[in-house]
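Participant: To be precise about what I am sending: the file is called query02.pdb and holds PDB, C-alpha atoms and all ligand atoms.
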ATOM      1  CA  MET A   4      82.782  88.693 115.090
ATOM      2  CA  GLY A   5      84.688  85.525 114.072
ATOM      3  CA  LYS A   6      87.935  85.622 112.133
ATOM      4  CA  THR A   7      87.502  85.333 108.358
ATOM      5  CA  LYS A   8      88.426  81.943 106.989
ATOM      6  CA  ILE A   9      91.697  81.748 105.085
ATOM      7  CA  TYR A  10      92.253  79.189 102.335
ATOM      8  CA  GLU A  11      95.664  77.576 101.931
ATOM      9  CA  ASN A  12      94.215  76.005  98.791
ATOM     10  CA  TYR A  13      91.077  77.552  97.357
ATOM     11  CA  PRO A  14      88.153  75.248  96.544
ATOM     12  CA  CYS A  15      87.557  74.382  92.896
ATOM     13  CA  TRP A  16      84.291  76.342  92.703
ATOM     14  CA  ILE A  17      86.065  79.611  93.547
ATOM     15  CA  MET A  18      88.792  78.917  90.969
ATOM     16  CA  LEU A  19      86.072  78.136  88.433
ATOM     17  CA  ILE A  20      84.045  81.323  88.983
ATOM     18  CA  SER A  21      87.142  83.548  89.189
ATOM     19  CA  ASN A  22      88.463  82.185  85.916
ATOM     20  CA  LEU A  23      85.081  82.218  84.205
ATOM     21  CA  VAL A  24      84.838  85.991  84.735
ATOM     22  CA  SER A  25      88.269  86.539  83.145
ATOM     23  CA  ILE A  26      87.626  84.068  80.325
ATOM     24  CA  ALA A  27      84.251  85.667  79.534
ATOM     25  CA  ILE A  28      85.975  89.081  79.273
ATOM     26  CA  TYR A  29      88.650  87.601  76.992
ATOM     27  CA  LEU A  30      86.065  85.877  74.769
ATOM     28  CA  ALA A  31      83.841  88.959  74.482
ATOM     29  CA  GLY A  32      86.944  91.055  73.727
ATOM     30  CA  ALA A  33      88.174  88.546  71.140
ATOM     31  CA  PHE A  34      84.725  88.490  69.499
ATOM     32  CA  ILE A  35      84.800  92.271  69.047
ATOM     33  CA  ILE A  36      88.413  92.355  67.850
ATOM     34  CA  TYR A  37      87.643  89.541  65.384
ATOM     35  CA  HIS A  38      85.515  92.066  63.470
ATOM     36  CA  LEU A  39      88.652  94.143  62.872
ATOM     37  CA  GLY A  40      90.412  91.217  61.183
ATOM     38  CA  LEU A  41      92.335  88.071  62.012
ATOM     39  CA  VAL A  42      95.675  89.858  62.406
ATOM     40  CA  TRP A  43      94.248  92.086  65.154
ATOM     41  CA  LEU A  44      92.608  89.070  66.771
ATOM     42  CA  GLY A  45      95.978  87.259  66.779
ATOM     43  CA  LEU A  46      97.670  90.296  68.347
ATOM     44  CA  TYR A  47      94.957  90.576  70.993
ATOM     45  CA  ILE A  48      95.277  86.894  71.945
ATOM     46  CA  LEU A  49      99.059  87.223  72.041
ATOM     47  CA  TYR A  50      98.735  90.248  74.333
ATOM     48  CA  ILE A  51      96.496  88.313  76.753
ATOM     49  CA  LEU A  52      98.883  85.344  76.764
ATOM     50  CA  LEU A  53     101.875  87.602  77.437
ATOM     51  CA  LEU A  54     100.044  89.313  80.301
ATOM     52  CA  GLU A  55      99.128  85.986  81.905
ATOM     53  CA  ILE A  56     102.680  84.663  81.517
ATOM     54  CA  MET A  57     104.180  87.859  82.980
ATOM     55  CA  VAL A  58     101.874  87.668  86.028
ATOM     56  CA  MET A  59     102.929  84.082  86.692
ATOM     57  CA  LYS A  60     106.608  84.832  86.066
ATOM     58  CA  LYS A  61     106.860  88.110  87.985
ATOM     59  CA  SER A  62     104.170  87.923  90.701
ATOM     60  CA  CYS A  63     102.992  84.370  91.335
ATOM     61  CA  VAL A  64     106.562  83.090  91.891
ATOM     62  CA  ASN A  65     106.854  85.383  94.941
ATOM     63  CA  CYS A  66     103.333  84.765  96.270
ATOM     64  CA  HIS A  67     102.398  82.633  99.274
ATOM     65  CA  TYR A  68     100.285  80.550  96.875
ATOM     66  CA  TYR A  69     103.212  79.516  94.670
ATOM     67  CA  GLY A  70     102.721  75.749  94.246
ATOM     68  CA  ARG A  71      99.234  75.994  95.787
ATOM     69  CA  CYS A  72      95.782  76.597  94.377
ATOM     70  CA  CYS A  73      95.141  80.329  94.709
ATOM     71  CA  ALA A  74      91.739  81.756  93.781
ATOM     72  CA  PHE A  75      92.764  81.654  90.110
ATOM     73  CA  GLY A  76      94.812  78.448  90.141
ATOM     74  CA  LYS A  77      97.815  80.409  88.913
ATOM     75  CA  GLY A  78     100.002  79.641  91.924
ATOM     76  CA  LYS A  79      99.950  75.989  90.914
ATOM     77  CA  LEU A  80     100.340  76.735  87.213
ATOM     78  CA  SER A  81     103.229  79.102  87.851
ATOM     79  CA  SER A  82     105.125  76.438  89.819
ATOM     80  CA  LEU A  83     104.987  74.130  86.777
ATOM     81  CA  PHE A  84     106.856  76.625  84.588
ATOM     82  CA  PHE A  85     108.851  78.981  86.814
ATOM     83  CA  LYS A  86     111.189  78.684  89.791
ATOM     84  CA  LYS A  87     110.061  79.866  93.207
ATOM     85  CA  GLY A  88     110.983  83.491  93.893
ATOM     86  CA  SER A  89     111.262  85.358  97.153
ATOM     87  CA  PRO A  90     108.063  85.720  99.264
ATOM     88  CA  ASN A  91     109.523  88.915 100.819
ATOM     89  CA  LYS A  92     109.504  90.578  97.435
ATOM     90  CA  PHE A  93     105.731  90.243  97.011
ATOM     91  CA  ALA A  94     104.697  92.573  99.817
ATOM     92  CA  ARG A  95     107.543  95.035  99.103
ATOM     93  CA  ARG A  96     106.478  95.744  95.509
ATOM     94  CA  LYS A  97     105.187  99.241  94.837
ATOM     95  CA  ILE A  98     101.993  99.080  92.812
ATOM     96  CA  THR A  99     100.289 102.151  91.413
ATOM     97  CA  TRP A 100      97.471 102.561  88.894
ATOM     98  CA  LYS A 101     100.180 102.861  86.219
ATOM     99  CA  HIS A 102     101.086  99.204  86.810
ATOM    100  CA  ILE A 103      97.453  98.137  86.381
ATOM    101  CA  ILE A 104      97.043  99.849  82.981
ATOM    102  CA  PRO A 105      98.167  96.768  80.935
ATOM    103  CA  ASP A 106      95.419  94.716  82.660
ATOM    104  CA  PHE A 107      92.799  97.363  81.967
ATOM    105  CA  LEU A 108      93.812  97.476  78.295
ATOM    106  CA  VAL A 109      92.467  93.919  77.881
ATOM    107  CA  SER A 110      89.001  95.436  78.368
ATOM    108  CA  ILE A 111      89.583  98.991  77.140
ATOM    109  CA  ILE A 112      90.956  98.023  73.697
ATOM    110  CA  PRO A 113      87.903  95.923  72.677
ATOM    111  CA  LEU A 114      85.581  98.498  74.278
ATOM    112  CA  ILE A 115      86.964 101.294  72.099
ATOM    113  CA  ALA A 116      86.993  98.986  69.060
ATOM    114  CA  GLY A 117      83.409  97.925  69.802
ATOM    115  CA  ILE A 118      82.147 101.499  70.093
ATOM    116  CA  ILE A 119      83.831 102.474  66.812
ATOM    117  CA  LEU A 120      82.408  99.384  65.057
ATOM    118  CA  LEU A 121      78.935 100.188  66.399
ATOM    119  CA  MET A 122      79.171 103.748  65.073
ATOM    120  CA  LEU A 123      80.164 102.428  61.653
ATOM    121  CA  GLU A 124      77.495  99.718  61.550
ATOM    122  CA  PHE A 125      75.135  98.657  64.332
ATOM    123  CA  ASN A 126      75.373  95.018  65.411
ATOM    124  CA  TRP A 127      73.478  93.552  68.380
ATOM    125  CA  LEU A 128      76.155  90.955  69.190
ATOM    126  CA  ILE A 129      78.856  93.596  69.353
ATOM    127  CA  LEU A 130      76.646  95.767  71.570
ATOM    128  CA  LEU A 131      76.022  92.812  73.907
ATOM    129  CA  SER A 132      79.751  92.049  74.012
ATOM    130  CA  VAL A 133      80.506  95.678  74.915
ATOM    131  CA  ILE A 134      77.898  95.610  77.706
ATOM    132  CA  LEU A 135      79.214  92.257  78.960
ATOM    133  CA  ILE A 136      82.778  93.584  79.141
ATOM    134  CA  VAL A 137      81.646  96.699  81.054
ATOM    135  CA  ILE A 138      79.649  94.624  83.576
ATOM    136  CA  LEU A 139      82.291  91.928  84.079
ATOM    137  CA  THR A 140      85.222  94.334  84.291
ATOM    138  CA  SER A 141      83.488  96.476  86.906
ATOM    139  CA  PHE A 142      81.026  94.381  88.955
ATOM    140  CA  GLY A 143      82.361  90.941  88.002
ATOM    141  CA  ASN A 144      85.967  91.669  88.918
ATOM    142  CA  SER A 145      85.044  93.518  92.072
ATOM    143  CA  PHE A 146      82.803  90.600  93.146
ATOM    144  CA  VAL A 147      85.628  88.105  92.493
ATOM    145  CA  ARG A 148      88.156  90.190  94.424
ATOM    146  CA  GLY A 149      85.885  91.286  97.246
ATOM    147  CA  SER A 150      83.820  88.154  97.848
ATOM    148  CA  LEU A 151      85.916  85.258  96.567
ATOM    149  CA  ALA A 152      89.634  85.907  96.108
ATOM    150  CA  CYS A 153      91.101  88.618  98.367
ATOM    151  CA  LYS A 154      88.625  87.935 101.172
ATOM    152  CA  TYR A 155      90.093  84.487 101.959
ATOM    153  CA  CYS A 156      93.662  85.200 100.870
ATOM    154  CA  LYS A 157      96.644  84.432 103.086
ATOM    155  CA  GLN A 158      98.823  86.736 100.980
ATOM    156  CA  ARG A 159      96.507  89.629 101.865
ATOM    157  CA  GLU A 160      97.373  89.061 105.537
ATOM    158  CA  LEU A 161     101.081  88.865 104.682
ATOM    159  CA  GLY A 162     100.826  92.001 102.547
ATOM    160  CA  CYS A 163      99.516  92.538  99.051
ATOM    161  CA  PRO A 164     100.177  95.914  97.367
ATOM    162  CA  ALA A 165      97.474  95.297  94.729
ATOM    163  CA  GLU A 166      94.811  94.629  97.341
ATOM    164  CA  GLN A 167      95.954  97.679  99.317
ATOM    165  CA  LEU A 168      95.688  99.842  96.202
ATOM    166  CA  PHE A 169      92.138  98.655  95.472
ATOM    167  CA  SER A 170      90.909  98.927  99.056
ATOM    168  CA  LYS A 171      92.485 102.399  99.426
ATOM    169  CA  ASN A 172      90.499 103.464  96.400
ATOM    170  CA  LYS A 173      87.259 102.138  97.858
ATOM    171  CA  LYS A 174      87.565 104.265 101.031
TER     172      LYS A 174
HETATM  173  S1  LIG A 201      95.034  89.684  98.215
HETATM  174 FE1  LIG A 201      93.867  89.513  96.303
HETATM  175  S2  LIG A 201      95.205  90.426  94.730
HETATM  176 FE2  LIG A 201      96.474  89.986  96.538
HETATM  177  S3  LIG A 201      97.352  87.970  96.151
HETATM  178 FE3  LIG A 201      95.480  87.670  97.340
HETATM  179  S4  LIG A 201      93.867  87.340  95.826
HETATM  180 FE4  LIG A 201      95.611  88.212  94.723
END
Is it possible to give me this structure as structure tokens?
Ligand code: SF4
Facilitator:
Amino acid sequence: MGKTKIYENYPCWIMLISNLVSIAIYLAGAFIIYHLGLVWLGLYILYILLLEIMVMKKSCVNCHYYGRCCAFGKGKLSSLFFKKGSPNKFARRKITWKHIIPDFLVSIIPLIAGIILLMLEFNWLILLSVILIVILTSFGNSFVRGSLACKYCKQRELGCPAEQLFSKNKK
């Protein structure tokens, strides 16, 4: 069997699909939270922005793809705002499920809100948003990781604690 291809810069179509999955989750989540009120919507958007900034500031600066186009384009984006970190640090990080909780909350918060809203008053659009979040967070994200991002990733070869955590869980 041939060696899997590794991208030093991912093609635009992978960056597009990877980001579309995340953006669709954010939009569906924002649509549900909007029904709670504009203040909650503002807080939800702020939370997403903070998460994205923290990933670029804490992780992307130490990644092999800093300054390059990773599967999400964040390596390039990160290099525009933050100084390069230490590539050794990336593989040495300890990542457990506890560290992933803030990412999961982006989906879990609107899911809980959506279920409560549906119990109070049924709404087809909210139901569809809930279903979309469930599908994209489970199958969508695992497709992006398994078939588009991690599969061709140089950082995976160098050592990626997040990828190791997910693949350990699959076994
Ligand atoms: S292996 Fe996957 S999670 Fe790790 S840096 Fe590469 S794309 Fe990101």
Participant: When the PyMOL selection byres (((not hetatm)) within 9 of (chain A and resi 201)) is applied to the file above, which residues end up in the set, as a ChimeraX atom specification?
Facilitator: /A:62-63,66-68,73-75,93,147-149,151-167,169
Participant: Please write the residues from the selection above to a file, keeping C-alpha atoms, as a PDB file, keeping the file's coordinate frame.
Facilitator:
ATOM      1  CA  SER A  62     104.170  87.923  90.701  1.00  0.00           C
ATOM      2  CA  CYS A  63     102.992  84.370  91.335  1.00  0.00           C
ATOM      3  CA  CYS A  66     103.333  84.765  96.270  1.00  0.00           C
ATOM      4  CA  HIS A  67     102.398  82.633  99.274  1.00  0.00           C
ATOM      5  CA  TYR A  68     100.285  80.550  96.875  1.00  0.00           C
ATOM      6  CA  CYS A  73      95.141  80.329  94.709  1.00  0.00           C
ATOM      7  CA  ALA A  74      91.739  81.756  93.781  1.00  0.00           C
ATOM      8  CA  PHE A  75      92.764  81.654  90.110  1.00  0.00           C
ATOM      9  CA  PHE A  93     105.731  90.243  97.011  1.00  0.00           C
ATOM     10  CA  VAL A 147      85.628  88.105  92.493  1.00  0.00           C
ATOM     11  CA  ARG A 148      88.156  90.190  94.424  1.00  0.00           C
ATOM     12  CA  GLY A 149      85.885  91.286  97.246  1.00  0.00           C
ATOM     13  CA  LEU A 151      85.916  85.258  96.567  1.00  0.00           C
ATOM     14  CA  ALA A 152      89.634  85.907  96.108  1.00  0.00           C
ATOM     15  CA  CYS A 153      91.101  88.618  98.367  1.00  0.00           C
ATOM     16  CA  LYS A 154      88.625  87.935 101.172  1.00  0.00           C
ATOM     17  CA  TYR A 155      90.093  84.487 101.959  1.00  0.00           C
ATOM     18  CA  CYS A 156      93.662  85.200 100.870  1.00  0.00           C
ATOM     19  CA  LYS A 157      96.644  84.432 103.086  1.00  0.00           C
ATOM     20  CA  GLN A 158      98.823  86.736 100.980  1.00  0.00           C
ATOM     21  CA  ARG A 159      96.507  89.629 101.865  1.00  0.00           C
ATOM     22  CA  GLU A 160      97.373  89.061 105.537  1.00  0.00           C
ATOM     23  CA  LEU A 161     101.081  88.865 104.682  1.00  0.00           C
ATOM     24  CA  GLY A 162     100.826  92.001 102.547  1.00  0.00           C
ATOM     25  CA  CYS A 163      99.516  92.538  99.051  1.00  0.00           C
ATOM     26  CA  PRO A 164     100.177  95.914  97.367  1.00  0.00           C
ATOM     27  CA  ALA A 165      97.474  95.297  94.729  1.00  0.00           C
ATOM     28  CA  GLU A 166      94.811  94.629  97.341  1.00  0.00           C
ATOM     29  CA  GLN A 167      95.954  97.679  99.317  1.00  0.00           C
ATOM     30  CA  PHE A 169      92.138  98.655  95.472  1.00  0.00           C
TER      31      PHE A 169
END
Participant: Spell out the residues picked by the PyMOL selection byres (((chain A and resi 99-105) around 10) and not hetatm) here, as a PyMOL selection string.
Facilitator: chain A and resi 50-51+54+96-98+106-111+164-165+168-169
Participant: Which distance in Å separates atom CA of Tyr47 of chain A and atom CA of Ala33 of chain A, to one decimal?
Facilitator: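 Separating atom CA of Tyr47 of chain A from atom CA of Ala33 of chain A is a distance of 7.1 Å.
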Participant: If you measure from atom CA of Ile17 of chain A to atom CA of Val137 of chain A, what distance in Å do you get, rounded to one decimal?
Facilitator: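 These atoms are spaced 21.6 Å apart.
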Participant: Name the closest residue to Leu114 of chain A among the candidates A:Val64, A:Leu19, A:Leu135, A:Leu41; distances are taken between atoms, counting all atoms listed in the file.
Facilitator: A:Leu135
Participant: Translate the PyMOL selection byres (((chain A and resi 59) around 12) and not hetatm) into a concrete residue list for this structure, as a PyMOL selection string.
Facilitator: chain A and resi 52-58+60-66+68-70+73+75-88
Participant: Compare A:Ala27, A:Cys15, A:Cys72, A:Ile118 by their minimum atom-to-atom distance to Leu139 of chain A, counting only C-alpha atoms, and give me the closest one.
Facilitator: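 The closest residue to Leu139 of chain A is A:Ala27.
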Participant: Tell me which protein, DNA and RNA residues are within 12 Å of Asn126 of chain A, counting all atoms listed in the file, leaving out same-chain ones fewer than 6 positions away, and put them as a list of chain:residue names.
Facilitator: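 In the requested format, the answer is A:Ile35, A:His38, A:Gly117, A:Ile118, A:Ile119, A:Leu120, A:Ser132, A:Val133.
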Participant: Go ahead and fit an axis-aligned box to every listed atom of segment 29-35 of chain A plus 6 Å each side, and pass me the centre and edge lengths in Å, one decimal, as lines of an AutoDock Vina configuration file.
Facilitator:
center_x = 86.2
center_y = 89.1
center_z = 73.0
size_x = 16.8
size_y = 18.4
size_z = 19.9
Participant: Could you check which of A:Phe125, A:Asn91, A:Ser170, A:Thr140 is closest to Val24 of chain A, using only C-alpha atoms?
Facilitator: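 So, comparing all the options, the nearest one is A:Thr140.
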Participant: Which residue, A:Phe142, A:Asn12, A:Ile112, A:Ala94, has the smallest gap to Leu46 of chain A when you use only C-alpha atoms?
Facilitator: A:Ile112
Participant: I'd like the interatomic distance between atom CA of Gly32 of chain A and atom CA of Leu130 of chain A, to a tenth of an Å.
Facilitator: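 Interatomic distance here is 11.5 Å.
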Participant: When you count all atoms listed in the file, which of these residues is closest to Ala116 of chain A: A:Ile36, A:Leu30, A:Ser21, A:Val42?
Facilitator: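 Using all atoms listed in the file, Ala116 of chain A sits closest to A:Ile36.
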